[in-house]
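Printed here is data-v4.cif (mmCIF, C-alpha atoms and all ligand atoms):
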data_structure
loop_
_atom_site.label_atom_id
_atom_site.label_comp_id
_atom_site.auth_asym_id
_atom_site.auth_seq_id
_atom_site.Cartn_x
_atom_site.Cartn_y
_atom_site.Cartn_z
CA MET A 1 28.71 -0.03 2.70
CA THR A 2 25.98 2.59 2.08
CA PRO A 3 26.05 5.78 4.19
CA LEU A 4 22.94 4.57 6.02
CA ALA A 5 24.53 1.14 6.70
CA ALA A 6 27.43 2.91 8.43
CA ILE A 7 25.01 4.98 10.57
CA LEU A 8 22.94 1.91 11.53
CA ALA A 9 26.06 -0.19 12.26
CA ARG A 10 27.29 2.47 14.72
CA LYS A 11 23.87 2.60 16.36
CA ILE A 12 23.73 -1.20 16.72
CA ALA A 13 27.29 -1.32 18.08
CA THR A 14 26.22 1.12 20.82
CA GLU A 15 22.65 0.03 21.58
CA GLY A 16 22.46 -3.62 20.49
CA PRO A 17 20.42 -5.37 17.77
CA MET A 18 17.63 -3.41 16.13
CA ARG A 19 14.01 -4.49 15.60
CA LEU A 20 13.15 -5.16 11.96
CA ASP A 21 10.38 -2.54 11.85
CA HIS A 22 12.82 0.09 13.15
CA TYR A 23 15.36 -0.98 10.52
CA MET A 24 12.76 -0.83 7.73
CA ALA A 25 11.57 2.62 8.85
CA GLU A 26 15.14 3.99 8.78
CA CYS A 27 15.82 2.45 5.35
CA LEU A 28 12.69 3.94 3.78
CA LEU A 29 12.29 7.26 5.54
CA HIS A 30 15.60 8.36 7.12
CA PRO A 31 15.50 12.12 6.35
CA ALA A 32 18.94 12.25 4.66
CA HIS A 33 19.51 8.69 3.41
CA GLY A 34 16.09 7.00 3.32
CA TYR A 35 14.96 5.37 0.10
CA TYR A 36 11.76 7.37 -0.42
CA ALA A 37 13.21 10.51 1.13
CA THR A 38 15.93 10.77 -1.51
CA ARG A 39 14.54 9.69 -4.88
CA ASP A 40 11.76 8.99 -7.38
CA PRO A 41 11.84 5.19 -7.45
CA PHE A 42 9.07 4.55 -9.97
CA GLY A 43 8.92 3.58 -13.60
CA ALA A 44 11.06 1.79 -16.13
CA ALA A 45 14.21 3.70 -15.11
CA GLY A 46 13.48 3.30 -11.38
CA ASP A 47 13.47 0.29 -9.10
CA PHE A 48 9.90 -0.89 -9.61
CA ILE A 49 6.67 -0.09 -11.43
CA THR A 50 3.22 0.16 -9.90
CA ALA A 51 -0.25 -0.32 -11.38
CA PRO A 52 -1.03 3.38 -11.97
CA GLU A 53 2.29 3.72 -13.82
CA ILE A 54 1.44 0.70 -16.02
CA SER A 55 -1.77 2.19 -17.41
CA GLN A 56 -4.14 5.13 -16.92
CA MET A 57 -6.98 2.57 -16.87
CA PHE A 58 -6.13 1.55 -13.30
CA GLY A 59 -6.84 5.01 -11.87
CA GLU A 60 -9.80 5.56 -14.16
CA MET A 61 -11.56 2.41 -12.91
CA LEU A 62 -10.96 3.37 -9.28
CA GLY A 63 -12.19 6.91 -9.97
CA LEU A 64 -15.41 5.48 -11.43
CA CYS A 65 -15.77 3.19 -8.42
CA LEU A 66 -15.51 6.20 -6.07
CA ALA A 67 -18.01 8.05 -8.27
CA GLN A 68 -20.57 5.26 -7.91
CA VAL A 69 -20.07 5.23 -4.13
CA TRP A 70 -20.50 9.03 -4.06
CA VAL A 71 -23.80 8.70 -5.95
CA ASP A 72 -24.94 5.74 -3.80
CA GLN A 73 -24.26 7.73 -0.64
CA GLY A 74 -26.37 10.70 -1.71
CA ARG A 75 -23.75 12.91 -3.46
CA PRO A 76 -22.37 14.73 -0.39
CA ALA A 77 -21.75 18.38 -1.29
CA ARG A 78 -18.26 18.29 0.27
CA PHE A 79 -16.02 15.28 0.80
CA ILE A 80 -12.37 14.43 1.45
CA LEU A 81 -10.68 12.70 -1.52
CA ALA A 82 -7.56 11.22 0.04
CA GLU A 83 -4.59 9.12 -0.98
CA PRO A 84 -1.86 7.92 1.33
CA GLY A 85 1.47 7.13 -0.37
CA PRO A 86 0.62 8.75 -3.74
CA GLY A 87 4.03 8.10 -5.37
CA ARG A 88 4.19 10.22 -8.52
CA GLY A 89 0.57 11.43 -8.21
CA THR A 90 -0.48 9.44 -11.27
CA LEU A 91 -3.31 7.54 -9.60
CA MET A 92 -4.87 10.76 -8.24
CA ALA A 93 -4.53 12.44 -11.67
CA ASP A 94 -6.26 9.50 -13.41
CA MET A 95 -9.01 9.16 -10.77
CA THR A 96 -9.90 12.85 -10.85
CA ARG A 97 -9.94 12.85 -14.67
CA ALA A 98 -12.45 9.97 -14.65
CA MET A 99 -14.55 11.76 -12.02
CA ARG A 100 -15.05 14.72 -14.33
CA ALA A 101 -17.61 12.57 -16.14
CA VAL A 102 -19.82 12.78 -13.05
CA PRO A 103 -21.38 16.26 -12.77
CA GLY A 104 -20.64 17.97 -9.46
CA MET A 105 -18.29 15.35 -8.05
CA LEU A 106 -14.93 17.05 -8.51
CA GLU A 107 -16.38 20.37 -7.29
CA ALA A 108 -17.36 18.58 -4.07
CA ALA A 109 -13.92 16.99 -3.60
CA GLU A 110 -11.22 18.38 -1.30
CA ILE A 111 -7.96 16.62 -2.21
CA HIS A 112 -5.67 15.50 0.62
CA LEU A 113 -2.46 13.49 0.23
CA VAL A 114 -0.50 11.71 2.96
CA GLU A 115 3.16 11.62 1.95
CA ALA A 116 6.28 11.29 4.07
CA SER A 117 8.84 12.07 1.35
CA ALA A 118 9.62 15.71 0.48
CA THR A 119 11.02 14.59 -2.89
CA LEU A 120 7.80 12.80 -3.83
CA ARG A 121 5.66 15.71 -2.55
CA GLY A 122 7.43 17.90 -5.11
CA ILE A 123 6.71 15.43 -7.93
CA GLN A 124 3.06 15.16 -6.81
CA ARG A 125 2.73 18.96 -6.77
CA ASP A 126 3.88 19.15 -10.42
CA ARG A 127 1.74 16.21 -11.57
CA LEU A 128 -1.40 17.59 -9.92
CA ALA A 129 -0.88 21.25 -10.89
CA GLY A 130 -4.30 22.74 -11.44
CA LEU A 131 -5.85 20.84 -8.54
CA ASP A 132 -6.04 22.27 -5.03
CA VAL A 133 -4.05 19.76 -2.92
CA THR A 134 -3.15 19.65 0.78
CA TRP A 135 -0.40 17.36 2.19
CA HIS A 136 -0.32 15.60 5.55
CA GLU A 137 2.14 13.53 7.56
CA SER A 138 -0.33 10.83 8.62
CA VAL A 139 -3.80 9.45 7.90
CA GLU A 140 -4.89 10.59 11.38
CA GLU A 141 -4.38 14.22 10.25
CA LEU A 142 -6.97 14.04 7.44
CA PRO A 143 -9.74 16.61 8.01
CA GLU A 144 -13.27 15.70 9.09
CA GLY A 145 -15.96 14.88 6.52
CA PRO A 146 -17.05 11.96 4.32
CA LEU A 147 -13.79 10.21 3.39
CA TYR A 148 -13.08 8.70 -0.04
CA LEU A 149 -9.64 7.12 0.19
CA VAL A 150 -7.60 4.93 -2.16
CA ALA A 151 -4.27 3.41 -1.09
CA ASN A 152 -2.25 1.49 -3.68
CA GLU A 153 0.95 -0.15 -2.46
CA PHE A 154 0.96 1.98 0.68
CA ILE A 155 0.53 -0.66 3.40
CA ASP A 156 3.35 -2.78 1.92
CA ALA A 157 5.77 0.06 2.67
CA LEU A 158 4.81 0.18 6.36
CA PRO A 159 7.44 -1.43 8.61
CA ILE A 160 6.98 -5.03 9.76
CA ARG A 161 8.17 -7.27 12.57
CA GLN A 162 8.96 -10.94 11.94
CA PHE A 163 8.64 -13.86 14.34
CA GLU A 164 9.74 -17.48 14.01
CA ARG A 165 7.85 -20.17 15.89
CA HIS A 166 9.83 -22.29 18.39
CA GLY A 167 7.44 -24.63 20.21
CA ASN A 168 4.87 -22.39 21.86
CA ALA A 169 7.15 -19.36 21.79
CA TRP A 170 8.35 -16.90 19.18
CA ALA A 171 11.85 -15.64 18.35
CA GLU A 172 11.91 -12.15 16.84
CA ARG A 173 14.11 -11.38 13.87
CA GLN A 174 16.43 -8.45 14.52
CA VAL A 175 19.29 -6.73 12.74
CA GLY A 176 22.74 -7.17 14.30
CA LEU A 177 26.38 -7.00 13.22
CA GLY A 178 28.41 -9.80 11.62
CA PRO A 179 32.11 -10.40 12.47
CA ASP A 180 33.12 -8.07 9.61
CA GLY A 181 30.80 -5.30 10.84
CA ALA A 182 28.16 -5.91 8.14
CA LEU A 183 24.44 -5.80 8.99
CA VAL A 184 23.06 -9.32 9.44
CA PRO A 185 19.70 -10.68 10.58
CA GLY A 186 19.57 -12.66 13.82
CA LEU A 187 16.97 -14.01 16.26
CA THR A 188 16.11 -13.13 19.85
CA ALA A 189 15.54 -15.85 22.41
CA PRO A 190 12.02 -17.30 21.99
CA LEU A 191 9.30 -15.86 24.22
CA PRO A 192 5.59 -16.69 24.48
CA LEU A 193 3.80 -13.68 22.99
CA ALA A 194 0.19 -12.64 23.58
CA LEU A 195 0.46 -10.67 20.31
CA LEU A 196 0.60 -13.97 18.39
CA ARG A 197 -1.79 -16.06 20.48
CA ASP A 198 -4.26 -16.28 17.57
CA ARG A 199 -1.56 -17.76 15.33
CA MET A 200 -0.87 -20.86 17.43
CA ALA A 201 -3.62 -22.84 15.66
CA ASP A 202 -2.59 -22.16 12.04
CA THR A 203 1.22 -22.29 12.27
CA ALA A 204 3.82 -25.03 12.76
CA GLU A 205 7.34 -25.25 14.20
CA GLY A 206 9.73 -22.95 12.32
CA ASP A 207 7.01 -20.94 10.55
CA VAL A 208 7.60 -17.23 10.11
CA VAL A 209 4.78 -14.79 10.82
CA GLU A 210 4.87 -11.06 10.08
CA ILE A 211 3.11 -8.25 11.88
CA CYS A 212 2.73 -4.73 10.51
CA PRO A 213 2.01 -2.58 13.58
CA GLY A 214 1.02 0.45 11.50
CA ALA A 215 -1.57 -1.29 9.33
CA PRO A 216 -4.40 -1.74 11.87
CA SER A 217 -3.91 1.86 13.08
CA VAL A 218 -4.42 3.16 9.55
CA ALA A 219 -7.48 0.93 8.99
CA SER A 220 -8.95 1.89 12.33
CA ALA A 221 -8.50 5.65 11.83
CA VAL A 222 -10.03 5.51 8.36
CA ALA A 223 -12.86 3.13 9.30
CA GLY A 224 -13.91 5.13 12.37
CA ARG A 225 -14.32 8.18 10.22
CA ILE A 226 -16.17 6.33 7.44
CA ALA A 227 -18.55 4.68 9.92
CA ALA A 228 -19.44 8.07 11.42
CA GLN A 229 -19.28 10.37 8.39
CA GLY A 230 -19.60 8.17 5.28
CA GLY A 231 -17.36 7.38 2.35
CA VAL A 232 -15.16 4.43 1.41
CA ALA A 233 -11.55 3.30 1.74
CA ILE A 234 -10.00 1.01 -0.86
CA PHE A 235 -6.74 -0.78 -0.09
CA ILE A 236 -4.83 -2.47 -2.92
CA ASP A 237 -1.66 -4.45 -2.32
CA TYR A 238 0.36 -7.53 -2.99
CA GLY A 239 -0.75 -9.89 -0.24
CA ASN A 240 -2.91 -12.53 1.35
CA TRP A 241 -5.61 -12.81 4.00
CA ARG A 242 -3.15 -13.84 6.73
CA SER A 243 0.61 -13.57 6.93
CA LEU A 244 2.66 -16.73 6.62
CA GLY A 245 6.31 -16.97 5.67
CA ASP A 246 9.11 -14.47 5.18
CA THR A 247 7.97 -11.91 2.58
CA PHE A 248 10.41 -9.13 3.50
CA GLN A 249 12.05 -8.15 0.21
CA ALA A 250 14.31 -5.60 -1.40
CA LEU A 251 14.18 -4.43 -5.02
CA ARG A 252 16.89 -2.39 -6.68
CA ALA A 253 16.80 -1.62 -10.41
CA HIS A 254 13.95 -4.17 -10.83
CA LYS A 255 16.08 -6.96 -9.26
CA PRO A 256 15.56 -8.64 -5.89
CA GLU A 257 18.43 -8.53 -3.39
CA SER A 258 18.95 -9.05 0.34
CA PRO A 259 17.08 -6.39 2.37
CA PHE A 260 20.26 -6.03 4.44
CA ALA A 261 22.66 -5.45 1.51
CA ASN A 262 22.11 -1.78 0.60
CA PRO A 263 20.03 0.00 3.26
CA GLY A 264 18.56 3.26 1.93
CA GLU A 265 19.23 2.33 -1.70
CA ALA A 266 16.71 -0.47 -2.29
CA ASP A 267 12.94 -0.44 -1.95
CA LEU A 268 11.83 -2.58 0.99
CA THR A 269 8.36 -4.11 1.19
CA ALA A 270 6.47 -7.00 2.74
CA HIS A 271 3.28 -8.65 1.56
CA VAL A 272 0.17 -7.22 3.15
CA ALA A 273 -2.02 -9.33 5.42
CA PHE A 274 -5.61 -8.16 4.88
CA ALA A 275 -7.21 -9.88 7.89
CA PRO A 276 -5.74 -7.40 10.42
CA LEU A 277 -6.98 -4.48 8.28
CA ALA A 278 -10.49 -5.97 8.09
CA HIS A 279 -10.52 -6.79 11.81
CA ALA A 280 -9.45 -3.27 12.83
CA ALA A 281 -12.01 -1.70 10.48
CA ARG A 282 -14.87 -3.79 11.92
CA GLU A 283 -13.77 -2.99 15.47
CA ALA A 284 -13.99 0.69 14.51
CA GLY A 285 -17.63 0.20 13.44
CA ALA A 286 -17.38 -0.03 9.63
CA ALA A 287 -18.43 -2.76 7.19
CA VAL A 288 -15.74 -4.53 5.16
CA SER A 289 -15.89 -6.29 1.77
CA ALA A 290 -14.35 -9.69 1.18
CA MET A 291 -10.78 -9.63 -0.10
CA THR A 292 -11.24 -9.32 -3.89
CA PRO A 293 -8.52 -10.01 -6.47
CA GLN A 294 -7.38 -6.89 -8.35
CA GLY A 295 -8.11 -8.48 -11.75
CA VAL A 296 -11.67 -9.38 -10.75
CA LEU A 297 -12.29 -5.89 -9.35
CA LEU A 298 -10.98 -4.15 -12.48
CA GLU A 299 -13.00 -6.42 -14.78
CA ARG A 300 -16.20 -5.73 -12.86
CA LEU A 301 -15.51 -1.99 -12.96
CA GLY A 302 -15.36 -2.19 -16.76
CA ILE A 303 -11.66 -2.20 -17.64
CA THR A 304 -12.13 -4.37 -20.75
CA ALA A 305 -14.62 -1.97 -22.36
CA ARG A 306 -12.31 0.93 -21.53
CA ALA A 307 -9.31 -0.99 -22.94
CA GLN A 308 -11.19 -1.61 -26.20
CA GLY A 309 -12.17 2.05 -26.42
CA LEU A 310 -8.55 3.16 -26.00
CA ALA A 311 -7.28 0.42 -28.36
CA SER A 312 -9.42 1.73 -31.23
CA LYS A 313 -7.22 4.86 -31.33
CA LEU A 314 -3.90 2.96 -31.23
CA SER A 315 -1.79 0.91 -33.62
CA GLY A 316 1.61 -0.77 -33.85
CA ALA A 317 3.87 -0.75 -30.80
CA ALA A 318 1.53 1.55 -28.83
CA LEU A 319 -1.35 -0.90 -29.32
CA GLU A 320 0.82 -3.85 -28.27
CA SER A 321 1.99 -2.14 -25.12
CA HIS A 322 -1.61 -1.15 -24.30
CA ILE A 323 -2.75 -4.78 -24.67
CA ALA A 324 0.19 -5.94 -22.52
CA ALA A 325 -0.71 -3.35 -19.83
CA HIS A 326 -4.32 -4.56 -19.69
CA ARG A 327 -3.11 -8.14 -19.31
CA ARG A 328 -0.53 -7.18 -16.70
CA LEU A 329 -3.10 -5.45 -14.50
CA THR A 330 -5.78 -8.13 -14.74
CA HIS A 331 -4.42 -11.56 -15.68
CA PRO A 332 -4.35 -14.09 -12.80
CA GLU A 333 -0.75 -15.00 -13.64
CA GLU A 334 0.34 -11.36 -13.50
CA MET A 335 -0.95 -8.73 -11.05
CA GLY A 336 -4.58 -9.85 -11.33
CA HIS A 337 -4.42 -12.41 -8.57
CA LEU A 338 -1.24 -11.50 -6.66
CA PHE A 339 -2.70 -8.12 -5.85
CA GLN A 340 -5.75 -8.12 -3.64
CA THR A 341 -8.19 -5.38 -2.67
CA LEU A 342 -10.40 -4.57 0.28
CA ALA A 343 -13.12 -1.93 0.70
CA ILE A 344 -14.16 -0.38 4.03
CA TYR A 345 -17.57 1.34 3.97
CA PRO A 346 -20.43 2.38 6.27
CA ALA A 347 -22.58 -0.54 7.48
CA THR A 348 -25.65 1.46 6.36
CA ALA A 349 -24.43 1.92 2.74
CA PRO A 350 -24.41 -0.52 -0.20
CA LEU A 351 -21.32 -2.62 -0.94
CA PRO A 352 -19.00 -0.54 -3.18
CA PRO A 353 -19.18 -1.70 -6.85
CA GLY A 354 -16.83 -4.43 -8.02
CA PHE A 355 -16.10 -5.90 -4.58
CA ASP A 356 -17.15 -9.30 -3.24
CA GLY A 357 -19.34 -9.08 -0.14
CA ALA A 358 -18.01 -10.50 3.13
CA ALA A 359 -19.33 -13.97 4.00
CA ASP A 360 -20.98 -13.08 7.33
N1 LIG R 401 0.67 4.59 -4.59
C1 LIG R 401 1.82 4.85 -5.43
C2 LIG R 401 3.17 4.68 -4.71
C3 LIG R 401 3.42 3.47 -3.89
S1 LIG R 401 5.04 3.50 -3.14
C4 LIG R 401 1.74 3.99 -6.69
O1 LIG R 401 0.93 3.10 -6.71
O2 LIG R 401 2.49 4.25 -7.63
C5 LIG R 401 4.75 3.98 -1.49
C6 LIG R 401 4.40 5.42 -1.27
O3 LIG R 401 4.13 5.59 0.13
C7 LIG R 401 5.48 6.44 -1.60
O4 LIG R 401 4.84 7.61 -2.06
C8 LIG R 401 6.13 6.67 -0.23
O5 LIG R 401 6.88 7.84 -0.13
C9 LIG R 401 4.94 6.65 0.68
N2 LIG R 401 5.18 6.31 2.08
C10 LIG R 401 5.87 5.25 2.54
N3 LIG R 401 5.81 5.18 3.89
C11 LIG R 401 5.03 6.22 4.28
C12 LIG R 401 4.58 6.70 5.55
N4 LIG R 401 4.91 6.08 6.67
N5 LIG R 401 3.80 7.80 5.58
C13 LIG R 401 3.45 8.43 4.43
N6 LIG R 401 3.85 8.02 3.21
C14 LIG R 401 4.63 6.96 3.13
#

Could you render the structure as structure tokens?
Amino acid sequence: MTPLAAILARKIATEGPMRLDHYMAECLLHPAHGYYATRDPFGAAGDFITAPEISQMFGEMLGLCLAQVWVDQGRPARFILAEPGPGRGTLMADMTRAMRAVPGMLEAAEIHLVEASATLRGIQRDRLAGLDVTWHESVEELPEGPLYLVANEFIDALPIRQFERHGNAWAERQVGLGPDGALVPGLTAPLPLALLRDRMADTAEGDVVEICPGAPSVASAVAGRIAAQGGVAIFIDYGNWRSLGDTFQALRAHKPESPFANPGEADLTAHVAFAPLAHAAREAGAAVSAMTPQGVLLERLGITARAQGLASKLSGAALESHIAAHRRLTHPEEMGHLFQTLAIYPATAPLPPGFDGAAD
């Protein structure tokens, strides 16, 4: 049993079964034993690898996208360049390097990171040495001003709740204790839930639906600011338009395992549903792109030309790994289609480059 499992088992023995979002929050961010709070999980030696760690081209393309938006919106003399969940700081380093090609842009940028983990803040500080960076606890704390925000694999780390359909009611998945004292998932009695009223039409008996309570709050905070003060927010994550099915998963040393097996020692994520993000952003007064596959977005932003430029300086194993990285980021059978993107922007501004426009 992990140290965190022992703490949670005692809590459940005293207070009763725990909601899944509360369990996920403890596993990821418990100050002493939480997964992100205690380690650097990224890269080949870590538990998983993310797009910015696969190739510098990912951040460069997003940096150029932000640059085009900055130009399209009249080159504001000061703006907030923000990233929630910046991991090792690689994406911000690559974006800002690409922005140097655009005269005046980096000088206008004030860099703000939202990071819950003290360990990762330290790594970000080292990676971004030379840039003036301010850290925050939440997206709501970001300062006023035009907001240019990129979030890669941030929403998938926000805690979820899970519900299983029983007739016209929903049973919630919770974490309880098995006969041997181990943490095991269970279900509450089914209840009709207003929260899931809009899912009655597109689900069937036994279907599992996930809700990420934090996601619409983030989208709404960001979108309200962008609608009033300009900018853009780009969300990139493994996901679909709507949630359907159990996508709660744990990864440890690049291998999947039960999310209840080693709390605090495995990365926990769930696929992102983009519809609630888009809905919250529109409610807050912003325009929203259509959900656009990562591979399509990167191709339109020019990743193939950039890949060819970089390839001309490489040979042997370095060239092969560069070609594999390009494929991994863009190919529909790799991250290209599994990962989806969404842009939130002011209704008065042009659609950000590379994104599909919304149908309406
Ligand atoms: N964007 C990075 C890292 C993704 S991992 C990349 O693509 O490599 C998720 C990141 O979000 C980590 O930095 C983690 O510490 C942070 N994080 C998770 N939950 C958070 C929360 N509630 N508030 C702020 N940061 C959080």

Need the shell around Gly239 of chain A: protein/DNA/RNA residues with any atom at most 8 Å away, counting only C-alpha atoms. Skip same-chain ones fewer than 6 positions apart. Format as JSON, numbers by chain? {"A": [271, 272, 273, 274, 338, 339, 340]}

Can you spit out the residues from that selection as an mmCIF file, in the coordinates of the input, using C-alpha atoms?
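Output file part11.cif follows:
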data_model
loop_
_atom_site.group_PDB
_atom_site.id
_atom_site.type_symbol
_atom_site.label_atom_id
_atom_site.label_comp_id
_atom_site.auth_asym_id
_atom_site.auth_seq_id
_atom_site.Cartn_x
_atom_site.Cartn_y
_atom_site.Cartn_z
ATOM 1 C CA HIS A 271 3.280 -8.650 1.560
ATOM 2 C CA VAL A 272 0.170 -7.220 3.150
ATOM 3 C CA ALA A 273 -2.020 -9.330 5.420
ATOM 4 C CA PHE A 274 -5.610 -8.160 4.880
ATOM 5 C CA LEU A 338 -1.240 -11.500 -6.660
ATOM 6 C CA PHE A 339 -2.700 -8.120 -5.850
ATOM 7 C CA GLN A 340 -5.750 -8.120 -3.640
#

Report, in Å with one decimal, the straight-line distance from atom CA of Val232 of chain A to atom CA of Glu83 of chain A.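 Going from atom CA of Val232 of chain A over to atom CA of Glu83 of chain A covers 11.8 Å.
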
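The shortest atom-to-atom distance to ligand LIG 401 (chain R), with all atoms listed in the file taken into account, belongs to A:Ala151 out of A:Leu128, A:Ala151, A:Leu20, A:Ile54.
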
Give me the residues of chain A that have any atom at most 9 Å from an atom of ligand LIG 401 (chain R); for each, the nearest atom pair and the distance in Å, rounded to one decimal. Use all atoms listed in the file, sort by chain and number, and format it as CSV.
residue,atom,partner,partner_atom,distance
A:Ala25,CA,R:LIG401,N4,7.8
A:Leu28,CA,R:LIG401,N3,7.0
A:Leu29,CA,R:LIG401,N3,7.0
A:Tyr35,CA,R:LIG401,O5,8.5
A:Tyr36,CA,R:LIG401,O5,4.9
A:Ala37,CA,R:LIG401,O5,7.0
A:Asp40,CA,R:LIG401,O5,8.8
A:Pro41,CA,R:LIG401,S1,8.2
A:Phe42,CA,R:LIG401,O2,7.0
A:Gly43,CA,R:LIG401,O2,8.8
A:Ile49,CA,R:LIG401,O2,7.1
A:Thr50,CA,R:LIG401,O2,4.7
A:Ala51,CA,R:LIG401,O1,5.9
A:Pro52,CA,R:LIG401,O1,5.6
A:Glu53,CA,R:LIG401,O2,6.2
A:Glu83,CA,R:LIG401,N1,7.8
A:Pro84,CA,R:LIG401,N6,6.0
A:Gly85,CA,R:LIG401,O3,3.1
A:Pro86,CA,R:LIG401,N1,4.2
A:Gly87,CA,R:LIG401,O4,3.4
A:Arg88,CA,R:LIG401,O2,6.3
A:Gly89,CA,R:LIG401,C1,7.3
A:Thr90,CA,R:LIG401,O2,7.0
A:Leu91,CA,R:LIG401,O1,6.8
A:Leu113,CA,R:LIG401,C13,8.8
A:Val114,CA,R:LIG401,C13,5.3
A:Glu115,CA,R:LIG401,N6,3.9
A:Ala116,CA,R:LIG401,C13,4.0
A:Ser117,CA,R:LIG401,O5,4.9
A:Ala118,CA,R:LIG401,O5,8.4
A:Thr119,CA,R:LIG401,O5,8.4
A:Leu120,CA,R:LIG401,O4,6.2
A:Arg121,CA,R:LIG401,O4,8.2
A:His136,CA,R:LIG401,C13,8.2
A:Glu137,CA,R:LIG401,C13,6.1
A:Ser138,CA,R:LIG401,N5,6.0
A:Val139,CA,R:LIG401,C13,8.1
A:Val150,CA,R:LIG401,N1,8.6
A:Ala151,CA,R:LIG401,N1,6.2
A:Asn152,CA,R:LIG401,N1,4.4
A:Glu153,CA,R:LIG401,C3,4.6
A:Phe154,CA,R:LIG401,C5,4.8
A:Ile155,CA,R:LIG401,N3,7.9
A:Asp156,CA,R:LIG401,C5,7.7
A:Ala157,CA,R:LIG401,C10,5.2
A:Leu158,CA,R:LIG401,N3,5.7
A:Pro159,CA,R:LIG401,N4,8.2
A:Gly214,CA,R:LIG401,N4,8.4
A:Ile236,CA,R:LIG401,O1,8.9
A:Asp267,CA,R:LIG401,S1,8.9

In terms of only C-alpha atoms, the residue from A:Ala194, A:Ile226, A:Val218, A:Met200 at minimal distance from Gly145 of chain A is A:Ile226

Counting all atoms listed in the file, which residue out of A:Leu193, A:Leu244, A:Leu106, A:Ile234 sits closest to Asp207 of chain A?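 Closest residue, counting all atoms listed in the file: A:Leu244.
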
Once all heavy atoms are restored for segment 144-148 of chain A, what would the output be as an mmCIF file, in the coordinates of the input?
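That gives us rebuild09.cif:
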data_model
loop_
_atom_site.group_PDB
_atom_site.id
_atom_site.type_symbol
_atom_site.label_atom_id
_atom_site.label_comp_id
_atom_site.auth_asym_id
_atom_site.auth_seq_id
_atom_site.Cartn_x
_atom_site.Cartn_y
_atom_site.Cartn_z
ATOM 1 N N GLU A 144 -11.949 16.328 8.909
ATOM 2 C CA GLU A 144 -13.270 15.700 9.090
ATOM 3 C C GLU A 144 -14.079 15.776 7.797
ATOM 4 O O GLU A 144 -13.857 16.665 6.976
ATOM 5 C CB GLU A 144 -14.046 16.455 10.171
ATOM 6 C CG GLU A 144 -13.397 16.447 11.545
ATOM 7 C CD GLU A 144 -13.406 15.076 12.188
ATOM 8 O OE1 GLU A 144 -14.461 14.419 12.184
ATOM 9 O OE2 GLU A 144 -12.343 14.664 12.690
ATOM 10 N N GLY A 145 -15.067 14.864 7.681
ATOM 11 C CA GLY A 145 -15.960 14.880 6.520
ATOM 12 C C GLY A 145 -16.034 13.498 5.920
ATOM 13 O O GLY A 145 -15.225 12.633 6.251
ATOM 14 N N PRO A 146 -16.998 13.256 5.014
ATOM 15 C CA PRO A 146 -17.050 11.960 4.320
ATOM 16 C C PRO A 146 -15.691 11.715 3.659
ATOM 17 O O PRO A 146 -15.138 12.621 3.039
ATOM 18 C CB PRO A 146 -18.144 12.165 3.277
ATOM 19 C CG PRO A 146 -18.976 13.310 3.774
ATOM 20 C CD PRO A 146 -18.050 14.180 4.555
ATOM 21 N N LEU A 147 -15.163 10.494 3.826
ATOM 22 C CA LEU A 147 -13.790 10.210 3.390
ATOM 23 C C LEU A 147 -13.787 9.194 2.255
ATOM 24 O O LEU A 147 -14.308 8.087 2.405
ATOM 25 C CB LEU A 147 -13.007 9.656 4.596
ATOM 26 C CG LEU A 147 -11.571 9.213 4.331
ATOM 27 C CD1 LEU A 147 -10.719 10.384 3.850
ATOM 28 C CD2 LEU A 147 -10.966 8.606 5.594
ATOM 29 N N TYR A 148 -13.230 9.586 1.116
ATOM 30 C CA TYR A 148 -13.080 8.700 -0.040
ATOM 31 C C TYR A 148 -11.592 8.508 -0.247
ATOM 32 O O TYR A 148 -10.905 9.422 -0.726
ATOM 33 C CB TYR A 148 -13.760 9.331 -1.273
ATOM 34 C CG TYR A 148 -15.271 9.336 -1.165
ATOM 35 C CD1 TYR A 148 -15.905 10.098 -0.192
ATOM 36 C CD2 TYR A 148 -16.060 8.557 -2.007
ATOM 37 C CE1 TYR A 148 -17.286 10.079 -0.058
ATOM 38 C CE2 TYR A 148 -17.443 8.531 -1.886
ATOM 39 C CZ TYR A 148 -18.051 9.295 -0.915
ATOM 40 O OH TYR A 148 -19.414 9.270 -0.783
#
